[in-house]
Amino acid sequence: MDKFLASSEYIDWDTPAVLEKAQVLAGGAANSKDIAQRCFEFVRDEIKHSWDYQLNPVTCKASDVLAHGTGYCYAKSHLLAALLRANGIPAALCYQRLTITDNPPFCLHGLNAIYLEDYGWYRVDPRGNKTGVSAEFCPPIEKLAFPIVKSGEANFPEIFAEPLPVIITALTSARSYQDVANNLPDVVSI
């Protein structure tokens, strides 16, 4: 589990601001499940999805997502992983392959898996709710933002300690939220 607790370049939970926010979110919580839910709801509800709000800058590192209050799904998942890991809760990154407008082309969608003692690995989607999109924290039931409904879409079962290279490239090479939207990453399999 060590790799799912580690601080790294993009899941930089050991930066002062991320560590402080993690401690605030954990304050007074009864157990790790409550801490996980608080961290999830903070990222889902308080960090704005870059496309939904058409916000710059494009963020990738957890600390930048927190500092700017915005990120695409991938970046939001980096922040959630960082907040959880800072609280000693193993957290992973995982992905779905989805259509963008119910028809190809496809793109990756970033979410998280959290290790909860009573349930094992449990996937959550901190993307942010809006009309027609509702993700919740209700283990052991997964309530992700997007169901798999079209041919070619997929729930990739793998969990990762670090973001996929294609995600890092998409976020770090973009100059604006529109650049990311124009070049959403996709893979057929992981």
# chains A, B, ... in the order shown; residues from 1 in each chain; ligands from 1
$ closest_atom_pairs --of "region 78-115 of chain A" --to "region 29-42 of chain A" --cutoff "9 Å" --atoms "only C-alpha atoms" --output "CSV"
residue,atom,partner,partner_atom,distance
A:Leu80,CA,A:Phe40,CA,6.4
A:Leu83,CA,A:Cys39,CA,6.4
A:Leu84,CA,A:Ala36,CA,6.4
A:Asn87,CA,A:Ile35,CA,7.9
A:Gly88,CA,A:Ser32,CA,8.5
A:Ile89,CA,A:Ser32,CA,7.0
A:Ile114,CA,A:Ala36,CA,7.8
$ select_by_dssp --residues "region 39-133 of chain A" --states "alpha helix (DSSP H)" --output "ChimeraX atom specification"
/A:39-46,50-53,62-68,73-86
$ write_last_selection --atoms "N, CA, C and O atoms" --output "tab-separated table (two decimals), in the first residue's frame"
chain	number	residue	atom	x	y	z
A	39	CYS	N	-13.24	14.66	2.38
A	39	CYS	CA	-12.28	15.02	1.32
A	39	CYS	C	-12.95	14.94	-0.05
A	39	CYS	O	-12.80	15.85	-0.88
A	40	PHE	N	-13.70	13.86	-0.29
A	40	PHE	CA	-14.41	13.69	-1.56
A	40	PHE	C	-15.38	14.86	-1.80
A	40	PHE	O	-15.38	15.48	-2.86
A	41	GLU	N	-16.20	15.15	-0.80
A	41	GLU	CA	-17.21	16.20	-0.99
A	41	GLU	C	-16.57	17.58	-1.16
A	41	GLU	O	-17.08	18.41	-1.92
A	42	PHE	N	-15.45	17.82	-0.50
A	42	PHE	CA	-14.75	19.08	-0.69
A	42	PHE	C	-14.29	19.23	-2.14
A	42	PHE	O	-14.55	20.25	-2.78
A	43	VAL	N	-13.62	18.22	-2.67
A	43	VAL	CA	-13.12	18.31	-4.04
A	43	VAL	C	-14.28	18.35	-5.03
A	43	VAL	O	-14.29	19.16	-5.96
A	44	ARG	N	-15.27	17.51	-4.84
A	44	ARG	CA	-16.43	17.49	-5.75
A	44	ARG	C	-17.15	18.83	-5.76
A	44	ARG	O	-17.51	19.34	-6.83
A	45	ASP	N	-17.38	19.41	-4.58
A	45	ASP	CA	-18.27	20.57	-4.46
A	45	ASP	C	-17.57	21.93	-4.45
A	45	ASP	O	-18.16	22.93	-4.84
A	46	GLU	N	-16.33	21.97	-3.99
A	46	GLU	CA	-15.66	23.27	-3.82
A	46	GLU	C	-14.62	23.58	-4.88
A	46	GLU	O	-14.25	24.73	-5.06
A	50	SER	N	-12.91	22.74	-14.59
A	50	SER	CA	-12.42	23.76	-15.52
A	50	SER	C	-13.32	23.98	-16.73
A	50	SER	O	-13.54	25.11	-17.15
A	51	TRP	N	-13.85	22.90	-17.30
A	51	TRP	CA	-14.69	23.06	-18.47
A	51	TRP	C	-16.06	23.63	-18.09
A	51	TRP	O	-16.57	24.53	-18.75
A	52	ASP	N	-16.66	23.12	-17.02
A	52	ASP	CA	-17.99	23.59	-16.62
A	52	ASP	C	-17.99	25.09	-16.37
A	52	ASP	O	-18.95	25.79	-16.69
A	53	TYR	N	-16.92	25.58	-15.76
A	53	TYR	CA	-16.84	27.00	-15.40
A	53	TYR	C	-15.96	27.80	-16.35
A	53	TYR	O	-15.80	29.00	-16.17
A	62	ALA	N	-1.70	18.52	-7.51
A	62	ALA	CA	-2.72	18.69	-6.47
A	62	ALA	C	-2.63	20.07	-5.82
A	62	ALA	O	-3.65	20.73	-5.61
A	63	SER	N	-1.43	20.52	-5.52
A	63	SER	CA	-1.26	21.82	-4.86
A	63	SER	C	-1.75	22.96	-5.74
A	63	SER	O	-2.31	23.94	-5.24
A	64	ASP	N	-1.58	22.85	-7.07
A	64	ASP	CA	-2.07	23.89	-7.98
A	64	ASP	C	-3.59	23.87	-8.07
A	64	ASP	O	-4.24	24.92	-8.16
A	65	VAL	N	-4.18	22.68	-8.07
A	65	VAL	CA	-5.64	22.56	-8.09
A	65	VAL	C	-6.22	23.25	-6.87
A	65	VAL	O	-7.17	24.03	-6.97
A	66	LEU	N	-5.63	22.99	-5.71
A	66	LEU	CA	-6.10	23.62	-4.48
A	66	LEU	C	-5.90	25.13	-4.52
A	66	LEU	O	-6.81	25.90	-4.18
A	67	ALA	N	-4.74	25.58	-4.96
A	67	ALA	CA	-4.43	27.01	-4.98
A	67	ALA	C	-5.35	27.79	-5.91
A	67	ALA	O	-5.78	28.91	-5.58
A	68	HIS	N	-5.69	27.21	-7.07
A	68	HIS	CA	-6.50	27.93	-8.06
A	68	HIS	C	-7.98	27.58	-7.98
A	68	HIS	O	-8.80	28.25	-8.61
A	73	CYS	N	-11.31	16.87	-14.52
A	73	CYS	CA	-11.53	15.67	-13.70
A	73	CYS	C	-10.21	15.03	-13.27
A	73	CYS	O	-10.08	14.61	-12.13
A	74	TYR	N	-9.25	14.99	-14.18
A	74	TYR	CA	-7.97	14.36	-13.87
A	74	TYR	C	-7.28	15.09	-12.72
A	74	TYR	O	-6.80	14.47	-11.77
A	75	ALA	N	-7.21	16.40	-12.83
A	75	ALA	CA	-6.54	17.21	-11.81
A	75	ALA	C	-7.29	17.14	-10.48
A	75	ALA	O	-6.68	17.07	-9.41
A	76	LYS	N	-8.62	17.15	-10.54
A	76	LYS	CA	-9.40	17.03	-9.32
A	76	LYS	C	-9.13	15.69	-8.64
A	76	LYS	O	-9.05	15.61	-7.41
A	77	SER	N	-8.94	14.63	-9.43
A	77	SER	CA	-8.62	13.33	-8.84
A	77	SER	C	-7.23	13.34	-8.20
A	77	SER	O	-7.00	12.66	-7.20
A	78	HIS	N	-6.31	14.14	-8.75
A	78	HIS	CA	-4.98	14.26	-8.14
A	78	HIS	C	-5.10	14.91	-6.76
A	78	HIS	O	-4.46	14.48	-5.81
A	79	LEU	N	-5.93	15.96	-6.67
A	79	LEU	CA	-6.11	16.63	-5.38
A	79	LEU	C	-6.79	15.70	-4.37
A	79	LEU	O	-6.36	15.62	-3.22
A	80	LEU	N	-7.82	14.98	-4.78
A	80	LEU	CA	-8.48	14.08	-3.85
A	80	LEU	C	-7.50	13.01	-3.35
A	80	LEU	O	-7.45	12.73	-2.15
A	81	ALA	N	-6.72	12.45	-4.25
A	81	ALA	CA	-5.72	11.45	-3.82
A	81	ALA	C	-4.76	12.06	-2.81
A	81	ALA	O	-4.42	11.43	-1.81
A	82	ALA	N	-4.33	13.30	-3.05
A	82	ALA	CA	-3.38	13.96	-2.14
A	82	ALA	C	-4.00	14.18	-0.77
A	82	ALA	O	-3.36	13.93	0.26
A	83	LEU	N	-5.23	14.66	-0.72
A	83	LEU	CA	-5.88	14.93	0.57
A	83	LEU	C	-6.07	13.63	1.36
A	83	LEU	O	-5.86	13.59	2.57
A	84	LEU	N	-6.45	12.57	0.68
A	84	LEU	CA	-6.63	11.28	1.34
A	84	LEU	C	-5.30	10.74	1.85
A	84	LEU	O	-5.19	10.32	3.00
A	85	ARG	N	-4.29	10.75	0.99
A	85	ARG	CA	-2.98	10.23	1.39
A	85	ARG	C	-2.39	11.02	2.55
A	85	ARG	O	-1.76	10.44	3.44
A	86	ALA	N	-2.62	12.32	2.56
A	86	ALA	CA	-2.13	13.14	3.66
A	86	ALA	C	-2.75	12.72	4.98
A	86	ALA	O	-2.16	12.91	6.05
$ closest_residue --among "A:Ala135, A:Ile148, A:Val180, A:Ala17" --to "Pro57 (chain A)" --atoms "only C-alpha atoms"
A:Val180
$ closest_residue --among "A:Leu184, A:Ala161, A:Ile167, A:Leu93" --to "Phe106 (chain A)" --atoms "only C-alpha atoms"
A:Leu184
$ atom_distance --atom1 "CA of Asp125 (chain A)" --atom2 "CA of Leu111 (chain A)"
4.8 Å
$ residues_around --residues "region 95-97 of chain A" --least-positions-apart "5" --cutoff "12 Å" --atoms "only C-alpha atoms" --output "compact mmCIF listing (two decimals) with C-alpha atoms, in the first residue's frame"
# COMPACT_ATOMS: atom_id res chain seq x y z
CA CYS A 73 -11.53 15.67 -13.70
CA TYR A 74 -7.97 14.36 -13.87
CA SER A 77 -8.62 13.33 -8.84
CA ASP A 102 -22.90 10.29 -26.56
CA PRO A 104 -17.40 9.15 -30.68
CA PRO A 105 -14.83 10.56 -30.30
CA PHE A 106 -13.88 9.07 -26.94
CA CYS A 107 -11.81 10.45 -24.09
CA LEU A 108 -10.51 9.33 -20.75
CA HIS A 109 -12.29 10.41 -17.59
CA GLY A 110 -10.35 10.53 -14.33
CA LEU A 111 -11.64 9.35 -10.96
CA ASN A 112 -10.34 7.77 -7.76
CA ALA A 113 -10.29 4.54 -5.81
CA ARG A 123 -14.32 4.11 -6.59
CA VAL A 124 -15.56 7.69 -6.35
CA ASP A 125 -15.84 10.47 -8.90
CA ARG A 127 -15.64 15.56 -11.07
CA LEU A 144 -20.08 7.54 -10.38
CA ALA A 145 -20.84 10.56 -12.55
CA PHE A 146 -21.07 8.62 -15.80
CA PRO A 147 -22.44 5.14 -16.53
CA ILE A 148 -20.99 3.07 -19.36
CA VAL A 149 -23.71 3.03 -22.02
CA LYS A 150 -22.16 3.16 -25.51
CA SER A 151 -20.12 0.64 -27.44
CA GLY A 152 -16.44 1.50 -27.04
CA GLU A 153 -16.88 3.00 -23.57
CA ALA A 154 -15.19 1.20 -20.69
CA ASN A 155 -14.61 1.13 -16.96
CA PHE A 156 -10.92 0.32 -16.70
CA PRO A 157 -10.48 -1.89 -13.61
CA GLU A 158 -6.83 -0.96 -13.01
CA ILE A 159 -5.83 1.38 -10.21
CA PHE A 160 -2.73 3.53 -10.42
CA GLU A 162 0.43 7.91 -10.40
CA PRO A 163 -1.38 9.62 -13.28
CA LEU A 164 -1.08 8.07 -16.73
CA VAL A 166 -1.11 10.73 -21.49
CA ILE A 167 -2.96 12.67 -18.76
CA LEU A 184 -8.77 15.31 -24.57
CA PRO A 185 -6.64 12.21 -23.98
CA ASP A 186 -7.88 8.80 -25.06
CA VAL A 187 -6.60 5.23 -24.97
CA VAL A 188 -8.37 2.09 -26.14
CA SER A 189 -6.98 0.01 -23.29
CA ILE A 190 -4.71 0.44 -20.30
$ closest_residue --among "A:Ser134, A:Gln23, A:Thr70, A:Asn129" --to "Tyr177 (chain A)" --atoms "only C-alpha atoms"
A:Thr70
$ atom_distance --atom1 "CA of Lys48 (chain A)" --atom2 "CA of Leu19 (chain A)"
20.0 Å
$ atom_distance --atom1 "CA of Pro16 (chain A)" --atom2 "CA of Thr59 (chain A)"
17.6 Å
